file coords38.txt (compact mmCIF, C-alpha atoms)
# COMPACT_ATOMS: atom_id res chain seq x y z
CA MET G 55 -46.08 -163.36 -41.02
CA THR G 56 -48.87 -161.10 -42.33
CA ARG G 57 -47.92 -157.43 -42.55
CA THR G 58 -50.76 -155.01 -41.88
CA LEU G 59 -51.27 -151.24 -41.67
CA VAL G 60 -54.27 -149.92 -39.73
CA THR G 61 -55.55 -146.33 -39.90
CA GLY G 62 -57.84 -145.17 -37.11
CA ALA G 63 -55.99 -147.56 -34.81
CA THR G 64 -56.69 -145.54 -31.65
CA GLY G 65 -60.48 -145.68 -32.03
CA PHE G 66 -62.78 -148.27 -30.45
CA LEU G 67 -62.63 -150.68 -33.37
CA GLY G 68 -59.01 -149.84 -34.16
CA ARG G 69 -57.72 -150.76 -30.71
CA ALA G 70 -59.64 -154.03 -30.67
CA LEU G 71 -58.54 -154.93 -34.20
CA THR G 72 -54.90 -154.07 -33.57
CA ALA G 73 -54.86 -156.22 -30.42
CA ARG G 74 -56.41 -159.13 -32.33
CA LEU G 75 -53.98 -158.85 -35.23
CA ARG G 76 -50.98 -158.84 -32.92
CA GLN G 77 -52.43 -161.78 -31.02
CA ASP G 78 -52.68 -163.60 -34.35
CA GLY G 79 -49.01 -162.88 -35.05
CA ASP G 80 -49.35 -160.01 -37.54
CA GLN G 81 -46.68 -157.36 -37.89
CA VAL G 82 -48.82 -154.24 -37.43
CA ILE G 83 -48.29 -150.57 -38.20
CA ALA G 84 -51.00 -148.99 -36.03
CA LEU G 85 -51.70 -145.35 -36.86
CA GLY G 86 -53.81 -142.86 -34.95
CA SER G 87 -54.18 -139.17 -35.77
CA LYS G 88 -51.06 -138.35 -33.74
CA ASP G 89 -49.03 -140.82 -35.78
CA ALA G 90 -50.22 -139.69 -39.22
CA ASP G 91 -52.38 -136.68 -40.08
CA LEU G 92 -54.45 -138.13 -42.91
CA LEU G 93 -55.65 -134.64 -43.85
CA ASP G 94 -52.18 -134.36 -45.42
CA VAL G 95 -52.18 -136.51 -48.55
CA ARG G 96 -48.43 -137.15 -48.11
CA SER G 97 -48.70 -138.36 -44.50
CA LEU G 98 -48.49 -142.08 -45.35
CA ASP G 99 -45.70 -141.77 -47.90
CA ARG G 100 -43.05 -142.73 -45.36
CA PHE G 101 -44.61 -146.19 -45.17
CA LEU G 102 -44.34 -146.90 -48.90
CA ASP G 103 -41.11 -148.81 -48.34
CA GLN G 104 -42.63 -150.92 -45.54
CA PRO G 105 -43.67 -154.42 -46.73
CA LEU G 106 -47.47 -154.76 -46.60
CA ASP G 107 -50.04 -157.46 -47.30
CA ARG G 108 -53.14 -155.54 -46.32
CA ILE G 109 -54.47 -152.18 -45.18
CA PHE G 110 -57.42 -151.71 -42.84
CA HIS G 111 -58.75 -148.19 -43.33
CA LEU G 112 -60.83 -147.36 -40.26
CA ALA G 113 -60.12 -143.65 -39.90
CA ALA G 114 -63.01 -141.20 -40.27
CA TRP G 115 -63.83 -137.69 -39.10
CA THR G 116 -67.13 -138.13 -37.29
CA GLN G 117 -68.81 -138.62 -33.93
CA ALA G 118 -72.10 -140.01 -32.69
CA GLY G 119 -75.30 -138.11 -31.89
CA ASP G 120 -76.08 -134.87 -33.70
CA PHE G 121 -72.44 -134.25 -34.73
CA CYS G 122 -73.23 -134.77 -38.41
CA LEU G 123 -75.99 -132.16 -38.23
CA ARG G 124 -73.58 -129.53 -36.93
CA HIS G 125 -70.55 -130.26 -39.15
CA PRO G 126 -71.71 -131.22 -42.65
CA GLY G 127 -69.20 -129.07 -44.53
CA GLU G 128 -66.24 -130.10 -42.42
CA GLN G 129 -67.32 -133.72 -42.69
CA TRP G 130 -67.24 -133.53 -46.46
CA ILE G 131 -63.82 -131.88 -46.69
CA ASN G 132 -62.11 -133.84 -43.91
CA ASN G 133 -63.40 -137.28 -44.83
CA GLN G 134 -62.66 -136.75 -48.52
CA LEU G 135 -59.09 -135.78 -47.61
CA ILE G 136 -58.69 -138.74 -45.25
CA ASN G 137 -60.04 -141.21 -47.79
CA THR G 138 -57.99 -139.75 -50.64
CA THR G 139 -54.85 -140.11 -48.56
CA ALA G 140 -55.62 -143.79 -47.91
CA LEU G 141 -56.49 -144.44 -51.55
CA LYS G 142 -53.36 -142.72 -52.86
CA PHE G 143 -51.18 -144.74 -50.51
CA TRP G 144 -52.92 -147.99 -51.49
CA ALA G 145 -52.54 -147.32 -55.20
CA GLY G 146 -48.89 -146.32 -54.82
CA HIS G 147 -47.66 -149.14 -52.59
CA PRO G 148 -45.36 -151.48 -54.52
CA ASP G 149 -46.59 -154.62 -52.71
CA ARG G 150 -50.18 -154.11 -53.97
CA PRO G 151 -51.76 -154.82 -50.55
CA LYS G 152 -55.45 -155.57 -50.18
CA LEU G 153 -57.51 -152.63 -48.88
CA VAL G 154 -60.33 -153.23 -46.41
CA SER G 155 -62.46 -150.18 -45.64
CA ILE G 156 -65.33 -149.57 -43.24
CA GLY G 157 -68.61 -148.53 -44.82
CA THR G 158 -71.67 -147.23 -42.99
CA SER G 159 -75.31 -148.21 -42.71
CA CYS G 160 -76.07 -144.49 -43.07
CA VAL G 161 -75.82 -144.84 -46.86
CA TYR G 162 -79.01 -146.88 -47.07
CA GLU G 163 -82.20 -144.99 -47.83
CA GLU G 164 -84.70 -145.12 -44.99
CA GLY G 165 -87.64 -147.35 -45.82
CA ARG G 166 -85.67 -149.58 -48.19
CA LYS G 167 -84.19 -152.94 -47.33
CA LEU G 168 -80.65 -152.48 -46.03
CA VAL G 169 -79.09 -154.89 -48.52
CA GLU G 170 -75.75 -154.50 -50.29
CA ASP G 171 -77.11 -153.97 -53.80
CA GLN G 172 -78.73 -150.79 -52.42
CA TYR G 173 -75.45 -149.39 -51.04
CA MET G 174 -75.06 -146.94 -53.92
CA GLU G 175 -78.79 -146.41 -54.52
CA GLY G 176 -81.36 -143.99 -53.11
CA HIS G 177 -80.96 -141.01 -50.78
CA PRO G 178 -79.50 -141.25 -47.27
CA ILE G 179 -81.44 -139.37 -44.59
CA ASP G 180 -80.70 -135.66 -44.61
CA SER G 181 -78.99 -135.49 -41.20
CA LEU G 182 -76.40 -138.10 -42.22
CA TYR G 183 -76.26 -137.34 -45.94
CA THR G 184 -72.79 -135.81 -46.10
CA TYR G 185 -71.09 -138.57 -44.12
CA ALA G 186 -72.92 -141.26 -46.09
CA MET G 187 -71.90 -139.77 -49.41
CA THR G 188 -68.22 -139.65 -48.42
CA LYS G 189 -68.46 -143.40 -47.79
CA ARG G 190 -70.00 -143.92 -51.22
CA MET G 191 -67.20 -141.85 -52.73
CA MET G 192 -64.68 -144.05 -50.93
CA LEU G 193 -66.16 -147.11 -52.60
CA ILE G 194 -66.06 -145.38 -56.00
CA GLY G 195 -62.38 -144.63 -55.36
CA GLN G 196 -61.65 -148.25 -54.49
CA ARG G 197 -63.41 -149.54 -57.59
CA SER G 198 -61.73 -146.99 -59.85
CA LEU G 199 -58.22 -147.72 -58.63
CA ALA G 200 -58.83 -151.47 -58.64
CA LYS G 201 -60.00 -151.27 -62.25
CA GLN G 202 -56.96 -149.31 -63.40
CA PHE G 203 -54.26 -151.01 -61.32
CA GLY G 204 -55.65 -154.50 -60.71
CA LEU G 205 -55.89 -154.10 -56.93
CA ARG G 206 -58.02 -156.04 -54.45
CA HIS G 207 -60.41 -154.45 -51.97
CA LEU G 208 -63.33 -155.11 -49.61
CA THR G 209 -65.88 -152.87 -47.90
CA VAL G 210 -67.54 -154.10 -44.71
CA VAL G 211 -70.62 -152.33 -43.35
CA PRO G 212 -71.16 -152.68 -39.59
CA SER G 213 -74.22 -152.20 -37.49
CA THR G 214 -73.47 -150.31 -34.25
CA LEU G 215 -70.45 -151.82 -32.50
CA TYR G 216 -70.47 -152.36 -28.75
CA GLY G 217 -68.42 -154.05 -26.06
CA PRO G 218 -65.66 -153.20 -23.55
CA GLY G 219 -62.89 -150.79 -24.46
CA TYR G 220 -64.92 -147.82 -25.70
CA THR G 221 -63.51 -144.33 -25.00
CA LEU G 222 -65.90 -142.78 -22.47
CA HIS G 223 -64.53 -139.24 -22.37
CA GLY G 224 -64.00 -136.32 -24.73
CA LYS G 225 -66.66 -137.01 -27.38
CA GLN G 226 -70.31 -137.81 -27.93
CA MET G 227 -70.94 -141.49 -27.29
CA HIS G 228 -72.86 -143.92 -29.48
CA PHE G 229 -76.34 -144.56 -28.16
CA ILE G 230 -75.75 -147.81 -26.28
CA PHE G 231 -72.80 -146.39 -24.31
CA ASP G 232 -74.72 -143.17 -23.68
CA LEU G 233 -77.68 -145.16 -22.32
CA ALA G 234 -75.45 -147.12 -19.95
CA ALA G 235 -73.53 -144.01 -18.85
CA LYS G 236 -76.73 -142.16 -17.96
CA MET G 237 -77.95 -145.12 -15.91
CA LEU G 238 -74.66 -145.63 -14.08
CA ARG G 239 -74.47 -141.94 -13.15
CA SER G 240 -78.10 -141.90 -12.05
CA ARG G 241 -77.57 -144.98 -9.88
CA ASP G 242 -74.59 -143.26 -8.25
CA GLY G 243 -76.58 -140.16 -7.30
CA GLY G 244 -76.64 -138.28 -10.58
CA PRO G 245 -79.68 -136.89 -12.40
CA GLY G 246 -82.58 -139.02 -13.54
CA VAL G 247 -82.31 -140.86 -16.84
CA VAL G 248 -83.61 -138.91 -19.85
CA LEU G 249 -83.38 -140.71 -23.20
CA TRP G 250 -83.56 -139.11 -26.63
CA GLY G 251 -86.70 -139.74 -28.70
CA ASP G 252 -89.75 -141.77 -27.74
CA GLY G 253 -87.80 -144.99 -27.29
CA HIS G 254 -89.49 -146.80 -30.16
CA GLN G 255 -86.71 -146.17 -32.69
CA ARG G 256 -84.95 -149.44 -33.43
CA ARG G 257 -81.26 -150.23 -33.58
CA GLU G 258 -79.01 -153.22 -34.20
CA LEU G 259 -75.85 -153.98 -32.24
CA ILE G 260 -72.93 -156.25 -33.01
CA TYR G 261 -70.33 -157.20 -30.44
CA VAL G 262 -66.96 -155.81 -31.50
CA ASP G 263 -65.14 -159.16 -31.38
CA ASP G 264 -67.85 -160.79 -33.52
CA PHE G 265 -67.44 -158.03 -36.09
CA ILE G 266 -63.66 -158.48 -36.17
CA ASP G 267 -64.03 -162.25 -36.58
CA ASP G 268 -66.27 -161.75 -39.60
CA MET G 269 -64.15 -158.98 -41.09
CA LEU G 270 -60.97 -161.05 -40.90
CA TYR G 271 -62.73 -164.08 -42.39
CA LEU G 272 -64.02 -161.99 -45.28
CA THR G 273 -60.62 -160.36 -45.75
CA GLY G 274 -59.10 -163.76 -46.36
CA ASN G 275 -61.87 -165.10 -48.58
CA VAL G 276 -63.74 -162.31 -50.42
CA ASP G 277 -62.52 -159.67 -52.87
CA ASP G 278 -64.10 -156.59 -54.42
CA GLU G 279 -67.42 -156.80 -52.56
CA VAL G 280 -69.54 -154.84 -50.11
CA VAL G 281 -70.71 -157.01 -47.20
CA ASN G 282 -73.00 -156.08 -44.30
CA ILE G 283 -71.90 -157.35 -40.89
CA GLY G 284 -74.65 -157.21 -38.30
CA ALA G 285 -76.39 -159.22 -35.61
CA GLY G 286 -79.32 -160.23 -37.78
CA THR G 287 -81.90 -158.73 -35.43
CA ASP G 288 -82.76 -155.33 -33.97
CA HIS G 289 -84.40 -154.00 -30.79
CA SER G 290 -86.13 -150.82 -29.70
CA ILE G 291 -84.31 -148.31 -27.51
CA ARG G 292 -86.80 -149.18 -24.76
CA GLU G 293 -85.76 -152.83 -24.99
CA PHE G 294 -82.07 -151.95 -24.75
CA ALA G 295 -82.84 -149.64 -21.84
CA GLY G 296 -84.69 -152.42 -20.01
CA ILE G 297 -81.78 -154.86 -20.39
CA LEU G 298 -79.27 -152.28 -19.20
CA ALA G 299 -81.46 -151.24 -16.28
CA ASN G 300 -81.56 -154.85 -15.07
CA LEU G 301 -77.79 -155.19 -15.39
CA ILE G 302 -77.10 -151.90 -13.60
CA GLY G 303 -79.81 -152.27 -10.96
CA ILE G 304 -82.18 -149.36 -11.54
CA ASP G 305 -85.86 -149.12 -12.47
CA ALA G 306 -86.54 -148.51 -16.17
CA ASP G 307 -90.07 -147.30 -15.32
CA ASP G 308 -88.49 -144.11 -13.96
CA PHE G 309 -86.87 -143.18 -17.29
CA GLN G 310 -88.10 -140.12 -19.19
CA TYR G 311 -88.09 -139.70 -22.97
CA ASP G 312 -87.37 -136.37 -24.67
CA THR G 313 -89.02 -136.40 -28.10
CA SER G 314 -87.49 -133.03 -29.01
CA LYS G 315 -84.01 -134.53 -29.29
CA TYR G 316 -82.33 -135.80 -32.45
CA THR G 317 -82.66 -139.56 -33.02
CA GLY G 318 -81.58 -140.14 -36.64
CA ALA G 319 -83.23 -142.93 -38.61
CA LYS G 320 -86.29 -144.63 -37.13
CA SER G 321 -84.84 -148.07 -37.81
CA LYS G 322 -81.47 -149.56 -38.74
CA SER G 323 -81.26 -153.31 -39.27
CA LEU G 324 -78.83 -154.69 -41.84
CA ASP G 325 -79.77 -157.54 -44.12
CA ILE G 326 -77.01 -160.10 -43.53
CA SER G 327 -78.17 -162.77 -46.00
CA LYS G 328 -75.01 -162.26 -48.06
CA LEU G 329 -72.80 -162.71 -45.00
CA ARG G 330 -74.65 -165.89 -44.01
CA ASN G 331 -74.07 -167.30 -47.49
CA LEU G 332 -70.39 -166.43 -47.35
CA ARG G 333 -69.96 -167.71 -43.79
CA PRO G 334 -72.53 -170.40 -42.94
CA ASP G 335 -71.01 -171.03 -39.48
CA LEU G 336 -71.82 -167.48 -38.34
CA LYS G 337 -71.81 -167.09 -34.54
CA ARG G 338 -72.94 -164.21 -32.35
CA THR G 339 -72.36 -163.19 -28.73
CA GLU G 340 -75.66 -163.20 -26.83
CA LEU G 341 -76.86 -159.62 -26.35
CA VAL G 342 -77.18 -159.83 -22.56
CA ASP G 343 -73.71 -161.36 -22.26
CA GLY G 344 -72.16 -158.68 -24.45
CA LEU G 345 -73.90 -155.84 -22.66
CA SER G 346 -72.86 -157.30 -19.30
CA ARG G 347 -69.20 -157.20 -20.36
CA MET G 348 -69.65 -153.65 -21.61
CA VAL G 349 -71.26 -152.52 -18.34
CA ARG G 350 -68.49 -154.10 -16.25
CA TYR G 351 -65.92 -152.16 -18.27
CA MET G 352 -67.87 -148.92 -17.95
CA LYS G 353 -68.21 -149.30 -14.19
CA GLN G 354 -64.41 -149.34 -13.96
CA HIS G 355 -63.68 -146.51 -16.40
CA LEU G 356 -66.61 -144.06 -16.28
CA ALA G 357 -65.80 -140.94 -14.27
call {"tool": "encode", "arguments": {"input": "coords38.txt", "output": "structure tokens"}}
result
Amino acid sequence: MTRTLVTGATGFLGRALTARLRQDGDQVIALGSKDADLLDVRSLDRFLDQPLDRIFHLAAWTQAGDFCLRHPGEQWINNQLINTTALKFWAGHPDRPKLVSIGTSCVYEEGRKLVEDQYMEGHPIDSLYTYAMTKRMMLIGQRSLAKQFGLRHLTVVPSTLYGPGYTLHGKQMHFIFDLAAKMLRSRDGGPGVVLWGDGHQRRELIYVDDFIDDMLYLTGNVDDEVVNIGAGTDHSIREFAGILANLIGIDADDFQYDTSKYTGAKSKSLDISKLRNLRPDLKRTELVDGLSRMVRYMKQHLA
């Protein structure tokens, strides 16, 4: 039996990963913020005597949209504390478990190829700079502790995750869920659909189960690397909006675009050549199928 600790276990990815691990027969310690306050560097110490084979560190202090613009100082302090807590626990655990952390595509400089050898190079865009740099610092921490104590680690960098199971209340939603929510509310008598930006900014999605499949494969086969996990192709916001409009049953020609709103990078598409080399049998959920499952979930759970 594989023994696994997961931080950030109550988030979108955390819930899906925890369910998959338990389905696979893992013994899982699943920790959300109510179970362990990672701002306290001692909060994981009580698990030092729990046998462990691996740690998935998913926890982060962030939200979608313009959250990073409004909280740069808090993002630096809180994410540095959270990551230090995870690193200290990893380095101090007697079983020497493997650490798998979640990176971010935000670290890549806009205009450069989003390839792993650029993860620590260049300047992230200003609006996401603080969050991106905390992720780079996390990788430096992993490499430093691994060098001193002979530990194993892996950093996986996702494109935007989507699928059923996303929390639809109490926070700013990632763009694909926000698009669908606006359309569902408009269809049910709410206001017309207004999308941020001109709709030509491009994004890449990966279905959450596909990401977990790749992450678990890499966890078992790759050490001490940074690996992008994406779909291998991107689409414009207008393209995503058109697909969702067809699924939901409204007319995309009626949508308005507000160019005064924050949109982040103009394009985000990960280079997944390294992943393809590591896993030649790579498979992906078709975009329309994945979005259809997401919409069905949102119809049931969106207030």
call {"tool": "residues_around", "arguments": {"input": "coords38.txt", "residues": "Arg333 of chain G", "least_positions_apart": "4", "cutoff": "9 Å", "atoms": "all atoms listed in the file", "output": "list in words"}}
result
Asp268, Tyr271, Leu272, Lys328 and Leu329 of chain G
call {"tool": "residues_around", "arguments": {"input": "coords38.txt", "residues": "Tyr351 of chain G", "least_positions_apart": "4", "cutoff": "9 Å", "atoms": "only C-alpha atoms", "output": "MDAnalysis selection string"}}
result
chainID G and resid 217:220 346:347 355:356
call {"tool": "closest_atom_pairs", "arguments": {"input": "coords38.txt", "of": "segment 222-298 of chain G", "to": "segment 158-161 of chain G", "cutoff": "12 Å", "atoms": "only C-alpha atoms", "output": "JSON lines"}}
result
{"residue": "G:Arg257", "atom": "CA", "partner": "G:Ser159", "partner_atom": "CA", "distance": 11.1}
{"residue": "G:Glu258", "atom": "CA", "partner": "G:Ser159", "partner_atom": "CA", "distance": 10.5}
{"residue": "G:Leu259", "atom": "CA", "partner": "G:Ser159", "partner_atom": "CA", "distance": 12.0}
{"residue": "G:Val280", "atom": "CA", "partner": "G:Thr158", "partner_atom": "CA", "distance": 10.6}
{"residue": "G:Val281", "atom": "CA", "partner": "G:Thr158", "partner_atom": "CA", "distance": 10.7}
{"residue": "G:Asn282", "atom": "CA", "partner": "G:Ser159", "partner_atom": "CA", "distance": 8.4}
{"residue": "G:Ile283", "atom": "CA", "partner": "G:Ser159", "partner_atom": "CA", "distance": 9.9}
{"residue": "G:Gly284", "atom": "CA", "partner": "G:Ser159", "partner_atom": "CA", "distance": 10.0}
call {"tool": "axis_aligned_box", "arguments": {"input": "coords38.txt", "around": "segment 257-266 of chain G", "padding_each_side": "3 Å", "output": "lines of an AutoDock Vina configuration file"}}
result
center_x = -72.5
center_y = -155.5
center_z = -33.3
size_x = 23.6
size_y = 16.6
size_z = 11.7
call {"tool": "atom_distance", "arguments": {"input": "coords38.txt", "atom1": "atom CA of Leu301 of chain G", "atom2": "atom CA of Ala235 of chain G"}}
result
12.5 Å
call {"tool": "residues_around", "arguments": {"input": "coords38.txt", "residues": "Gly274 of chain G", "least_positions_apart": "6", "cutoff": "12 Å", "atoms": "all atoms listed in the file", "output": "ChimeraX atom specification"}}
result
/G:56,107-108,152-154,206-208,267-268,332-333
call {"tool": "atom_distance", "arguments": {"input": "coords38.txt", "atom1": "atom CA of Asp149 of chain G", "atom2": "atom CA of Val95 of chain G"}}
result
19.4 Å
call {"tool": "residues_near_point", "arguments": {"input": "coords38.txt", "point": "(-83.1, -147.3, -45.5)", "cutoff": "12 Å", "atoms": "only C-alpha atoms", "output": "number ranges by chain"}}
result
G: 158-170, 172-180, 182, 186, 318-325
call {"tool": "write_last_selection", "arguments": {"input": "coords38.txt", "atoms": "C-alpha atoms", "output": "CSV table (one decimal), in the coordinates of the input"}}
result
chain,number,residue,atom,x,y,z
G,158,THR,CA,-71.7,-147.2,-43.0
G,159,SER,CA,-75.3,-148.2,-42.7
G,160,CYS,CA,-76.1,-144.5,-43.1
G,161,VAL,CA,-75.8,-144.8,-46.9
G,162,TYR,CA,-79.0,-146.9,-47.1
G,163,GLU,CA,-82.2,-145.0,-47.8
G,164,GLU,CA,-84.7,-145.1,-45.0
G,165,GLY,CA,-87.6,-147.4,-45.8
G,166,ARG,CA,-85.7,-149.6,-48.2
G,167,LYS,CA,-84.2,-152.9,-47.3
G,168,LEU,CA,-80.6,-152.5,-46.0
G,169,VAL,CA,-79.1,-154.9,-48.5
G,170,GLU,CA,-75.8,-154.5,-50.3
G,172,GLN,CA,-78.7,-150.8,-52.4
G,173,TYR,CA,-75.4,-149.4,-51.0
G,174,MET,CA,-75.1,-146.9,-53.9
G,175,GLU,CA,-78.8,-146.4,-54.5
G,176,GLY,CA,-81.4,-144.0,-53.1
G,177,HIS,CA,-81.0,-141.0,-50.8
G,178,PRO,CA,-79.5,-141.2,-47.3
G,179,ILE,CA,-81.4,-139.4,-44.6
G,180,ASP,CA,-80.7,-135.7,-44.6
G,182,LEU,CA,-76.4,-138.1,-42.2
G,186,ALA,CA,-72.9,-141.3,-46.1
G,318,GLY,CA,-81.6,-140.1,-36.6
G,319,ALA,CA,-83.2,-142.9,-38.6
G,320,LYS,CA,-86.3,-144.6,-37.1
G,321,SER,CA,-84.8,-148.1,-37.8
G,322,LYS,CA,-81.5,-149.6,-38.7
G,323,SER,CA,-81.3,-153.3,-39.3
G,324,LEU,CA,-78.8,-154.7,-41.8
G,325,ASP,CA,-79.8,-157.5,-44.1
call {"tool": "atom_distance", "arguments": {"input": "coords38.txt", "atom1": "atom CA of Gln310 of chain G", "atom2": "atom CA of Arg124 of chain G"}}
result
25.3 Å
